[in-house]
$ cat query-v4.txt   # compact mmCIF, C-alpha atoms
# COMPACT_ATOMS: atom_id res chain seq x y z
CA MET Z 1 192.41 170.39 93.58
CA GLU Z 2 195.48 169.39 95.54
CA LEU Z 3 194.15 167.89 98.75
CA SER Z 4 197.28 168.60 100.78
CA LYS Z 5 196.58 172.33 100.42
CA LEU Z 6 193.30 171.97 102.30
CA LYS Z 7 193.56 172.53 106.03
CA ALA Z 8 190.84 169.98 106.84
CA PRO Z 9 188.40 167.58 105.16
CA LEU Z 10 185.41 169.01 103.36
CA PHE Z 11 183.22 166.04 104.18
CA VAL Z 12 183.02 163.58 107.04
CA SER Z 13 180.92 160.44 106.95
CA TRP Z 14 180.36 159.51 110.58
CA GLN Z 15 178.96 156.10 111.44
CA LEU Z 16 177.51 156.96 114.85
CA THR Z 17 176.71 153.37 115.78
CA ARG Z 18 176.73 149.92 114.22
CA ASP Z 19 173.58 149.07 116.14
CA CYS Z 20 170.45 148.77 114.05
CA ASP Z 21 166.80 147.88 114.46
CA LEU Z 22 166.82 145.81 111.26
CA SER Z 23 168.74 142.68 110.25
CA CYS Z 24 169.24 143.34 106.57
CA LEU Z 25 170.77 140.54 104.54
CA HIS Z 26 172.54 143.01 102.27
CA CYS Z 27 173.85 145.36 104.97
CA CYS Z 28 177.22 146.83 103.97
CA THR Z 29 178.25 147.59 107.56
CA GLY Z 30 177.40 144.28 109.23
CA SER Z 31 174.83 145.99 111.43
CA ALA Z 32 172.06 144.19 113.31
CA PRO Z 33 169.90 144.67 116.40
CA GLY Z 34 171.92 144.66 119.60
CA ARG Z 35 175.22 144.70 117.70
CA PRO Z 36 176.92 148.02 118.36
CA SER Z 37 180.66 147.96 117.73
CA PRO Z 38 182.73 147.24 120.80
CA ASN Z 39 183.98 150.45 122.35
CA GLU Z 40 181.79 152.94 120.46
CA LEU Z 41 182.36 156.62 121.27
CA ASN Z 42 180.30 157.65 124.29
CA ARG Z 43 178.31 160.87 124.50
CA GLU Z 44 181.18 163.00 125.79
CA GLU Z 45 183.61 161.66 123.21
CA ALA Z 46 181.11 162.11 120.39
CA LEU Z 47 180.35 165.70 121.40
CA ARG Z 48 184.07 166.42 121.71
CA LEU Z 49 184.53 165.11 118.18
CA ALA Z 50 181.62 167.27 116.99
CA ASP Z 51 183.32 170.32 118.54
CA ASP Z 52 186.59 169.38 116.86
CA LEU Z 53 184.84 169.09 113.48
CA LEU Z 54 183.40 172.57 114.04
CA SER Z 55 186.68 174.13 115.07
CA THR Z 56 188.51 172.70 112.05
CA GLY Z 57 185.86 174.09 109.70
CA VAL Z 58 184.43 170.87 108.26
CA PRO Z 59 181.43 172.15 106.26
CA TYR Z 60 179.47 168.94 105.62
CA VAL Z 61 178.89 165.83 107.75
CA MET Z 62 176.85 162.73 107.08
CA LEU Z 63 175.49 160.89 110.12
CA CYS Z 64 174.89 157.24 109.38
CA GLY Z 65 175.08 153.80 110.98
CA GLY Z 66 173.80 151.12 111.58
CA GLU Z 67 170.74 153.20 112.29
CA PRO Z 68 172.02 156.57 113.54
CA ALA Z 69 168.73 157.34 115.33
CA LEU Z 70 169.53 154.42 117.67
CA SER Z 71 172.54 156.24 119.03
CA PRO Z 72 171.49 157.82 122.34
CA HIS Z 73 173.35 161.00 121.40
CA PHE Z 74 172.20 161.22 117.77
CA PHE Z 75 170.20 164.43 118.21
CA GLU Z 76 172.77 166.05 120.47
CA VAL Z 77 175.50 165.44 117.91
CA ALA Z 78 173.29 166.62 115.03
CA GLU Z 79 172.31 169.74 116.94
CA ARG Z 80 175.86 170.53 118.04
CA LEU Z 81 177.07 170.30 114.44
CA GLY Z 82 174.04 171.93 112.84
CA ARG Z 83 173.93 174.87 115.21
CA GLY Z 84 177.60 175.41 114.47
CA GLY Z 85 176.71 175.78 110.78
CA VAL Z 86 177.66 172.33 109.48
CA GLN Z 87 175.39 171.01 106.75
CA LEU Z 88 174.07 167.56 107.58
CA LYS Z 89 173.00 164.51 105.70
CA ILE Z 90 171.19 161.84 107.71
CA GLU Z 91 170.99 158.25 106.45
CA THR Z 92 168.17 156.26 108.00
CA ASN Z 93 166.14 153.13 107.37
CA GLY Z 94 163.09 155.17 108.36
CA GLN Z 95 161.72 152.65 110.84
CA ARG Z 96 161.71 155.09 113.73
CA PHE Z 97 161.80 158.39 111.91
CA GLY Z 98 158.48 160.22 112.09
CA ALA Z 99 157.05 163.71 112.25
CA GLN Z 100 158.58 164.43 115.65
CA GLU Z 101 162.11 163.57 114.50
CA ALA Z 102 161.70 165.50 111.26
CA ARG Z 103 160.41 168.58 113.10
CA ARG Z 104 163.38 168.49 115.45
CA LEU Z 105 165.79 168.39 112.52
CA ARG Z 106 163.94 171.15 110.67
CA GLU Z 107 165.72 173.73 112.82
CA LEU Z 108 169.11 172.58 111.52
CA PRO Z 109 170.89 173.10 108.16
CA ILE Z 110 169.86 169.73 106.79
CA ARG Z 111 171.33 169.05 103.37
CA SER Z 112 169.20 165.90 103.08
CA VAL Z 113 167.66 162.93 104.82
CA GLN Z 114 168.19 159.69 102.91
CA VAL Z 115 165.74 156.84 103.43
CA SER Z 116 166.40 153.33 102.14
CA LEU Z 117 163.61 152.07 99.88
CA ASP Z 118 164.77 148.59 98.90
CA GLY Z 119 161.59 147.52 97.19
CA ASP Z 120 158.19 148.74 96.15
CA THR Z 121 156.23 145.83 97.55
CA PRO Z 122 156.32 144.70 101.19
CA GLU Z 123 157.36 141.23 99.98
CA ALA Z 124 160.48 142.41 98.14
CA TYR Z 125 161.35 144.84 100.92
CA ARG Z 126 161.02 142.21 103.64
CA SER Z 127 163.00 139.67 101.62
CA LEU Z 128 166.04 141.84 102.40
CA ARG Z 129 164.87 143.51 105.61
CA PRO Z 130 163.10 140.62 107.36
CA ASN Z 131 161.77 142.61 110.30
CA GLY Z 132 161.31 145.90 108.43
CA SER Z 133 158.22 147.79 107.36
CA LEU Z 134 158.10 149.43 103.94
CA GLU Z 135 155.07 151.40 105.12
CA LYS Z 136 157.18 152.94 107.91
CA ALA Z 137 159.91 153.86 105.44
CA TRP Z 138 157.30 155.64 103.27
CA LEU Z 139 155.91 157.41 106.34
CA ALA Z 140 159.42 158.57 107.18
CA CYS Z 141 159.80 159.99 103.67
CA ARG Z 142 156.51 161.86 104.02
CA ALA Z 143 157.53 163.20 107.45
CA VAL Z 144 160.78 164.47 105.96
CA ARG Z 145 159.01 166.32 103.17
CA GLU Z 146 156.23 167.65 105.41
CA ALA Z 147 158.94 169.20 107.60
CA GLY Z 148 160.33 170.87 104.48
CA LEU Z 149 163.53 168.83 104.51
CA PRO Z 150 165.22 167.60 101.31
CA LEU Z 151 164.71 163.87 100.75
CA GLU Z 152 166.90 161.30 99.02
CA ALA Z 153 165.99 157.66 98.41
CA ALA Z 154 168.51 154.82 98.32
CA PHE Z 155 168.08 151.45 96.65
CA ALA Z 156 170.40 148.43 96.94
CA PRO Z 157 169.74 146.07 94.02
CA CYS Z 158 169.49 142.39 94.95
CA ARG Z 159 168.10 139.38 93.16
CA SER Z 160 164.76 139.67 94.94
CA ASN Z 161 164.10 143.39 94.41
CA ILE Z 162 165.99 144.49 91.30
CA ARG Z 163 162.92 144.20 89.10
CA GLU Z 164 161.14 146.70 91.33
CA ALA Z 165 163.80 149.38 90.87
CA GLU Z 166 161.80 151.35 88.31
CA ALA Z 167 158.75 151.34 90.56
CA VAL Z 168 160.91 152.55 93.45
CA ILE Z 169 162.16 155.48 91.36
CA CYS Z 170 158.56 156.44 90.61
CA ARG Z 171 157.71 156.04 94.29
CA ALA Z 172 160.66 158.21 95.31
CA LEU Z 173 159.50 160.87 92.90
CA GLU Z 174 155.95 160.71 94.26
CA LEU Z 175 157.30 160.95 97.82
CA GLY Z 176 159.15 164.14 96.89
CA ALA Z 177 162.76 162.92 96.75
CA PHE Z 178 165.16 165.10 94.80
CA ARG Z 179 167.54 162.19 94.19
CA PHE Z 180 167.48 158.40 93.80
CA ASN Z 181 170.82 156.79 94.71
CA THR Z 182 171.85 153.33 93.65
CA GLY Z 183 174.70 151.24 92.25
CA MET Z 184 175.74 147.61 92.25
CA LEU Z 185 175.30 145.67 95.45
CA MET Z 186 178.43 145.93 97.61
CA ARG Z 187 180.12 142.72 98.68
CA ILE Z 188 181.00 143.90 102.15
CA GLY Z 189 179.49 143.51 105.60
CA THR Z 190 176.61 141.07 106.02
CA ALA Z 191 176.17 140.86 102.23
CA VAL Z 192 179.31 138.69 102.02
CA LYS Z 193 177.60 135.93 103.99
CA PHE Z 194 174.51 135.89 101.76
CA TRP Z 195 176.20 136.82 98.49
CA ASP Z 196 175.14 133.76 96.48
CA ARG Z 197 171.54 134.39 97.45
CA LEU Z 198 171.63 138.15 96.97
CA ALA Z 199 173.77 139.01 93.97
CA PRO Z 200 171.79 139.90 90.85
CA THR Z 201 172.75 138.15 87.63
CA GLU Z 202 174.62 139.92 84.83
CA GLU Z 203 171.41 139.99 82.79
CA ASP Z 204 169.60 141.60 85.73
CA TYR Z 205 172.29 144.26 85.96
CA ASP Z 206 172.21 144.91 82.20
CA ARG Z 207 168.47 145.54 82.35
CA PHE Z 208 168.87 147.57 85.56
CA PHE Z 209 171.49 149.96 84.18
CA SER Z 210 169.62 150.34 80.88
CA MET Z 211 166.54 151.28 82.84
CA LEU Z 212 168.51 153.76 84.98
CA GLU Z 213 169.97 155.44 81.89
CA ARG Z 214 166.48 155.74 80.43
CA LYS Z 215 164.98 157.11 83.66
CA GLU Z 216 167.85 159.55 84.09
CA VAL Z 217 166.83 161.20 80.82
CA GLU Z 218 163.09 160.75 81.19
CA LEU Z 219 162.95 162.26 84.66
CA ALA Z 220 165.58 164.99 84.24
CA GLY Z 221 164.49 168.07 86.14
CA ARG Z 222 162.10 166.08 88.33
CA ILE Z 223 164.37 163.67 90.18
CA GLU Z 224 168.08 162.98 89.83
CA VAL Z 225 168.91 159.33 89.14
CA TRP Z 226 172.42 158.71 90.49
CA PHE Z 227 174.13 155.42 89.75
CA ARG Z 228 177.74 156.28 88.88
CA PRO Z 229 180.23 154.91 89.77
CA HIS Z 230 178.43 151.61 89.20
CA SER Z 231 180.37 149.43 91.60
CA LEU Z 232 182.66 149.41 94.61
CA ASP Z 233 185.61 148.62 92.29
CA GLU Z 234 184.85 151.63 90.13
CA ALA Z 235 184.41 153.81 93.21
CA LEU Z 236 187.79 152.71 94.50
CA GLU Z 237 189.50 153.39 91.18
CA LEU Z 238 187.90 156.82 91.10
CA GLN Z 239 189.05 157.44 94.65
CA LEU Z 240 192.62 156.62 93.70
CA ARG Z 241 192.48 158.94 90.70
CA GLU Z 242 190.63 161.76 92.44
CA PRO Z 243 190.81 161.25 96.18
CA PRO Z 244 187.92 162.87 98.03
CA ALA Z 245 188.54 165.41 100.79
CA ALA Z 246 186.65 163.10 103.08
CA LEU Z 247 187.12 161.13 106.28
CA LEU Z 248 185.08 158.02 107.08
CA VAL Z 249 184.65 157.77 110.85
CA LEU Z 250 183.66 154.47 112.45
CA PRO Z 251 181.57 154.22 115.64
CA ASP Z 252 184.69 153.74 117.78
CA GLY Z 253 186.38 156.83 116.33
CA LEU Z 254 188.71 154.97 113.99
CA VAL Z 255 189.10 156.54 110.54
CA LYS Z 256 189.01 154.50 107.35
CA VAL Z 257 190.75 155.54 104.16
CA SER Z 258 188.00 154.10 102.00
CA ALA Z 259 184.65 152.38 102.49
CA ALA Z 260 185.94 149.48 100.44
CA LEU Z 261 189.05 148.88 102.52
CA SER Z 262 189.41 148.17 106.19
CA PHE Z 263 192.68 150.09 106.29
CA ILE Z 264 192.61 152.43 109.31
CA CYS Z 265 194.61 155.66 109.16
CA ALA Z 266 193.73 157.44 112.40
CA ASP Z 267 191.94 157.22 115.74
CA LEU Z 268 189.79 160.20 116.68
CA ARG Z 269 189.58 159.03 120.25
CA THR Z 270 193.22 159.97 120.72
CA GLN Z 271 193.92 162.20 117.72
CA SER Z 272 192.41 165.47 116.55
CA VAL Z 273 190.57 165.93 113.25
CA SER Z 274 193.58 167.89 111.96
CA GLN Z 275 195.91 165.04 112.85
CA ALA Z 276 193.54 162.51 111.26
CA TRP Z 277 193.46 164.63 108.10
CA GLY Z 278 197.26 164.56 107.95
CA ARG Z 279 197.28 160.80 108.44
CA TYR Z 280 194.64 160.39 105.71
CA LEU Z 281 196.75 162.38 103.25
CA SER Z 282 199.79 160.23 104.05
CA ALA Z 283 197.74 157.06 103.65
CA LEU Z 284 196.51 158.20 100.23
CA GLY Z 285 200.12 158.60 99.21
CA SER Z 286 200.70 154.95 100.10
CA LEU Z 287 197.58 153.75 98.29
CA LYS Z 288 198.67 155.41 95.09
CA VAL Z 289 201.60 153.05 94.71
CA PHE Z 290 199.18 150.21 94.11
CA ASP Z 291 197.77 149.41 90.72
CA PRO Z 292 194.00 149.88 90.97
CA ALA Z 293 193.58 146.59 89.15
CA ARG Z 294 194.93 144.89 92.25
CA PHE Z 295 191.89 146.14 94.11
CA ARG Z 296 189.62 144.32 91.72
CA LEU Z 297 188.75 141.82 94.39
CA ALA Z 298 185.62 141.01 96.25
CA GLY Z 299 185.28 143.99 98.56
CA ALA Z 300 185.55 141.93 101.71
CA ASN Z 301 188.96 140.65 100.66
CA ALA Z 302 190.32 143.97 99.49
CA GLU Z 303 191.92 144.64 102.87
CA ALA Z 304 194.47 141.96 102.06
CA VAL Z 305 196.07 144.29 99.51
CA VAL Z 306 196.94 146.91 102.10
CA MET R 1 172.56 188.52 98.14
CA LYS R 2 173.97 185.60 100.07
CA LEU R 3 175.51 182.21 99.47
CA ALA R 4 172.96 179.71 98.20
CA ARG R 5 171.35 177.36 100.72
CA PHE R 6 173.64 174.41 100.09
CA VAL R 7 176.86 176.33 99.58
CA LYS R 8 179.57 176.52 102.22
CA PHE R 9 182.68 178.68 102.14
CA ARG R 10 185.96 178.01 103.92
CA GLU R 11 189.06 180.15 103.92
CA GLU R 12 192.32 178.42 103.07
CA LYS R 13 195.95 179.58 102.85
CA PHE R 14 195.66 179.65 99.05
CA GLY R 15 192.38 181.60 99.14
CA GLY R 16 189.35 179.47 99.84
CA VAL R 17 186.91 176.81 98.74
CA LEU R 18 183.25 176.93 97.90
CA PHE R 19 181.53 173.62 98.46
CA GLU R 20 178.12 173.03 96.90
CA THR R 21 176.99 170.15 99.11
CA ARG R 22 173.94 169.18 97.06
CA SER R 23 175.99 168.33 93.96
CA GLU R 24 179.14 167.81 96.06
CA LYS R 25 181.08 170.10 93.70
CA VAL R 26 184.09 171.95 95.05
CA TYR R 27 185.35 175.26 93.63
CA THR R 28 188.78 176.55 94.60
CA LEU R 29 189.13 180.29 95.04
CA SER R 30 192.07 182.66 94.62
CA PRO R 31 192.70 185.13 97.47
CA THR R 32 190.77 187.83 95.57
CA ALA R 33 187.83 185.55 94.87
CA ALA R 34 187.83 184.46 98.51
CA ALA R 35 187.74 188.11 99.60
CA VAL R 36 184.66 188.65 97.41
CA VAL R 37 182.92 185.57 98.83
CA LYS R 38 183.72 186.72 102.37
CA GLU R 39 181.99 190.00 101.65
CA ILE R 40 179.02 188.21 100.08
CA SER R 41 178.73 186.15 103.28
CA ALA R 42 178.61 189.40 105.24
CA GLY R 43 175.44 190.35 103.33
CA GLY R 44 174.15 193.13 101.08
CA GLY R 45 173.60 193.52 97.36
CA PRO R 46 176.34 193.28 94.69
CA GLU R 47 177.06 197.00 94.75
CA GLN R 48 177.34 197.04 98.54
CA VAL R 49 179.71 194.08 98.38
CA ILE R 50 181.84 195.85 95.76
CA SER R 51 181.79 199.09 97.72
CA ARG R 52 183.05 197.30 100.84
CA LEU R 53 185.78 195.61 98.81
CA LYS R 54 186.89 198.97 97.41
CA GLY R 55 186.97 200.36 100.94
CA ARG R 56 189.19 197.52 102.05
CA TYR R 57 191.58 197.27 99.10
CA ASN R 58 193.18 199.83 96.80
CA ASP R 59 191.40 200.03 93.46
CA PRO R 60 192.87 203.05 91.68
CA ASP R 61 191.98 201.93 88.16
CA GLY R 62 188.59 200.35 89.01
CA LYS R 63 189.88 196.93 87.99
CA LEU R 64 188.95 195.30 91.29
CA GLY R 65 185.36 196.52 91.05
CA ALA R 66 184.99 195.28 87.48
CA GLU R 67 186.49 191.89 88.27
CA ALA R 68 184.38 191.49 91.40
CA ARG R 69 181.21 192.33 89.44
CA GLU R 70 182.12 189.74 86.82
CA PHE R 71 182.91 187.13 89.48
CA ILE R 72 179.63 187.74 91.30
CA ALA R 73 177.77 187.27 88.01
CA ALA R 74 179.62 183.99 87.45
CA LEU R 75 178.69 182.79 90.95
CA ALA R 76 175.05 183.67 90.27
CA SER R 77 175.05 181.82 86.95
CA LEU R 78 176.35 178.70 88.74
CA GLY R 79 173.62 179.03 91.36
CA LEU R 80 176.18 179.55 94.11
CA VAL R 81 174.67 182.81 95.32
CA GLY R 82 171.06 183.86 95.59
CA GLU R 83 168.78 186.46 97.10

$ encode --input "query-v4.txt" --output "structure tokens"
Amino acid sequence: MELSKLKAPLFVSWQLTRDCDLSCLHCCTGSAPGRPSPNELNREEALRLADDLLSTGVPYVMLCGGEPALSPHFFEVAERLGRGGVQLKIETNGQRFGAQEARRLRELPIRSVQVSLDGDTPEAYRSLRPNGSLEKAWLACRAVREAGLPLEAAFAPCRSNIREAEAVICRALELGAFRFNTGMLMRIGTAVKFWDRLAPTEEDYDRFFSMLERKEVELAGRIEVWFRPHSLDEALELQLREPPAALLVLPDGLVKVSAALSFICADLRTQSVSQAWGRYLSALGSLKVFDPARFRLAGANAEAVV
Amino acid sequence: MKLARFVKFREEKFGGVLFETRSEKVYTLSPTAAAVVKEISAGGGPEQVISRLKGRYNDPDGKLGAEAREFIAALASLGLVGE
């Protein structure tokens, strides 16, 4: 599909806030408690953006963070979009997502709620999420399913939890998830700082991907095991070959061309979604002149290329 | 008959797109296919959809009806429409 023929993006990933209630060592967005981005969109600006997404016909929006539920206007934004017919995916750590929150979302066209399950024992989970509760994450999953909402589980493999991945898949299945999402740990955000401590070894990854391939077949029809593309590098190469009709919106309204690059192509505080879409298409044109191999850098350094 | 739960339709200058958000698959539609999907979104069974299409467009040789029926069957086989 030729993207330039589309009048607007088909998907928007909207990081509502960088603020989070957990201090995860492997966080890909550099989120932590009390650390919203400077100059995040306020309620009026966020609702204006939601209206703009509706009027341009964006069919699918993911609300993420940080922890999106920490944004004071999370539900208002979700309801504005959902009542306008936009399908929603919510990414949460599940620490403050219970029956009440799930019931409120039940009225909306929720495509899925994704809960991070980075371990199957409290020890492994807390080794990455020091102040987090695995029990609360499980309760969030149950609340999602009890409200009749589709559940996805996410798993970031690190040295301290990678051996629990198979158990987490089984847990996700038991909790009623339709999909288990994973891939190699991303060297961006907070993870850069702790990389030497976090990064699994090559042997760990070999075992991990063999296990995923086996589980993908074994559990076909019961839960989808998604792990391709394997890494940020592969995702970036794929994006250059087949650019997605997607905008990545940061908490302050800036628009990134790719999760792996800090290259900004538009500002939704001053520009419309249609204008941002045009800027994104132009930016993709510029990216294509680069050899993907040049992006084969640690993610945090990839911005240097652009 | 209606679009399946996770399927969204958007009109475009070239016709339209169907977006299956669960699998994140995108299907591009010709103007004719987009017209069929628009009628499906308006509701009713396959024959009602085809009847409305025939009322809206000329179909002297019945070709439109046959093609629409075939297209609706293809959408159903892909799980893009349901009851």

$ residues_around --input "query-v4.txt" --residues "Gly79 (chain R)" --least-positions-apart "3" --cutoff "12 Å" --atoms "only C-alpha atoms" --output "number ranges by chain"
R: 1-7, 18-20, 22-23, 25, 72-76, 82-83

$ interface_residues --input "query-v4.txt" --of "chain Z" --to "chain R" --cutoff "12 Å" --atoms "all atoms listed in the file" --output "number ranges by chain"
Z: 1-12, 54-62, 85-89, 109-113, 150-152, 178-179, 224, 226, 244-246

$ atom_distance --input "query-v4.txt" --atom1 "CA of Asn39 (chain Z)" --atom2 "CA of Asp19 (chain Z)"
12.2 Å

$ residues_around --input "query-v4.txt" --residues "Glu135 (chain Z)" --least-positions-apart "5" --cutoff "9 Å" --atoms "only C-alpha atoms" --output "PyMOL selection string"
chain Z and resi 95+122+140

$ residues_around --input "query-v4.txt" --residues "Pro130 (chain Z)" --least-positions-apart "6" --cutoff "9 Å" --atoms "all atoms listed in the file" --output "list of chain:residue names"
Z:Leu22, Z:Ser23, Z:Cys24, Z:Leu25

$ atom_distance --input "query-v4.txt" --atom1 "CA of Pro68 (chain Z)" --atom2 "CA of Phe208 (chain Z)"
29.6 Å

$ atom_distance --input "query-v4.txt" --atom1 "CA of Ser282 (chain Z)" --atom2 "CA of Leu236 (chain Z)"
17.1 Å

$ closest_residue --input "query-v4.txt" --among "R:Ala68, R:Leu78, R:Pro60, R:Gln48" --to "Thr32 (chain R)" --atoms "only C-alpha atoms"
R:Ala68

$ closest_residue --input "query-v4.txt" --among "R:Val49, R:Leu29, R:Ile40, R:Ala34" --to "Val81 (chain R)" --atoms "all atoms listed in the file"
R:Ile40

$ closest_residue --input "query-v4.txt" --among "Z:Gly30, Z:Gly278, Z:Gly148, Z:Pro157" --to "Glu107 (chain Z)" --atoms "all atoms listed in the file"
Z:Gly148

$ closest_residue --input "query-v4.txt" --among "R:Phe71, R:Val36, R:Gly15, R:Ser41" --to "Lys54 (chain R)" --atoms "only C-alpha atoms"
R:Val36

$ decode --input "query-v4.txt" --residues "region 265-291 of chain Z" --atoms "N, CA and C atoms" --output "compact mmCIF listing (two decimals), in the first residue's frame"
# COMPACT_ATOMS: atom_id res chain seq x y z
N CYS Z 265 9.19 14.68 13.83
CA CYS Z 265 8.75 15.20 12.53
C CYS Z 265 7.61 16.20 12.64
N ALA Z 266 6.96 16.29 13.79
CA ALA Z 266 5.84 17.24 13.88
C ALA Z 266 5.54 17.55 15.34
N ASP Z 267 4.73 18.58 15.53
CA ASP Z 267 4.34 19.00 16.88
C ASP Z 267 2.82 19.19 16.89
N LEU Z 268 2.12 18.29 17.56
CA LEU Z 268 0.66 18.34 17.54
C LEU Z 268 0.08 19.41 18.47
N ARG Z 269 0.97 20.10 19.14
CA ARG Z 269 0.47 21.24 19.92
C ARG Z 269 0.18 22.42 18.97
N THR Z 270 0.94 22.48 17.90
CA THR Z 270 0.76 23.61 16.97
C THR Z 270 0.31 23.15 15.58
N GLN Z 271 0.38 21.85 15.33
CA GLN Z 271 0.00 21.35 14.00
C GLN Z 271 -1.15 20.37 14.12
N SER Z 272 -1.90 20.24 13.05
CA SER Z 272 -3.03 19.29 13.05
C SER Z 272 -2.51 17.87 12.77
N VAL Z 273 -3.38 16.91 12.98
CA VAL Z 273 -3.02 15.51 12.68
C VAL Z 273 -2.72 15.37 11.18
N SER Z 274 -3.51 16.05 10.35
CA SER Z 274 -3.28 15.98 8.90
C SER Z 274 -1.91 16.55 8.54
N GLN Z 275 -1.57 17.66 9.17
CA GLN Z 275 -0.24 18.24 8.90
C GLN Z 275 0.86 17.31 9.39
N ALA Z 276 0.66 16.73 10.56
CA ALA Z 276 1.67 15.80 11.11
C ALA Z 276 1.84 14.59 10.19
N TRP Z 277 0.73 14.13 9.63
CA TRP Z 277 0.78 12.99 8.70
C TRP Z 277 1.63 13.35 7.48
N GLY Z 278 1.42 14.54 6.96
CA GLY Z 278 2.22 15.01 5.81
C GLY Z 278 3.69 15.08 6.17
N ARG Z 279 3.99 15.59 7.35
CA ARG Z 279 5.39 15.71 7.79
C ARG Z 279 6.01 14.32 7.98
N TYR Z 280 5.22 13.39 8.48
CA TYR Z 280 5.70 12.01 8.68
C TYR Z 280 6.07 11.39 7.33
N LEU Z 281 5.19 11.58 6.34
CA LEU Z 281 5.46 11.01 5.01
C LEU Z 281 6.74 11.61 4.42
N SER Z 282 6.93 12.92 4.61
CA SER Z 282 8.16 13.55 4.11
C SER Z 282 9.38 12.98 4.84
N ALA Z 283 9.25 12.83 6.15
CA ALA Z 283 10.37 12.31 6.94
C ALA Z 283 10.75 10.90 6.50
N LEU Z 284 9.73 10.09 6.20
CA LEU Z 284 10.03 8.72 5.74
C LEU Z 284 10.85 8.77 4.46
N GLY Z 285 10.51 9.71 3.60
CA GLY Z 285 11.26 9.88 2.36
C GLY Z 285 12.72 10.13 2.65
N SER Z 286 13.00 10.93 3.69
CA SER Z 286 14.39 11.22 4.05
C SER Z 286 15.08 9.99 4.63
N LEU Z 287 14.33 9.25 5.46
CA LEU Z 287 14.95 8.07 6.10
C LEU Z 287 15.38 7.04 5.08
N LYS Z 288 14.62 6.97 3.99
CA LYS Z 288 14.89 5.91 3.01
C LYS Z 288 16.24 6.08 2.33
N VAL Z 289 16.82 7.28 2.39
CA VAL Z 289 18.11 7.43 1.74
C VAL Z 289 19.23 6.78 2.55
N PHE Z 290 18.94 6.41 3.77
CA PHE Z 290 19.97 5.79 4.60
C PHE Z 290 19.97 4.28 4.41
N ASP Z 291 21.13 3.72 4.47
CA ASP Z 291 21.27 2.27 4.44
C ASP Z 291 20.84 1.75 5.81
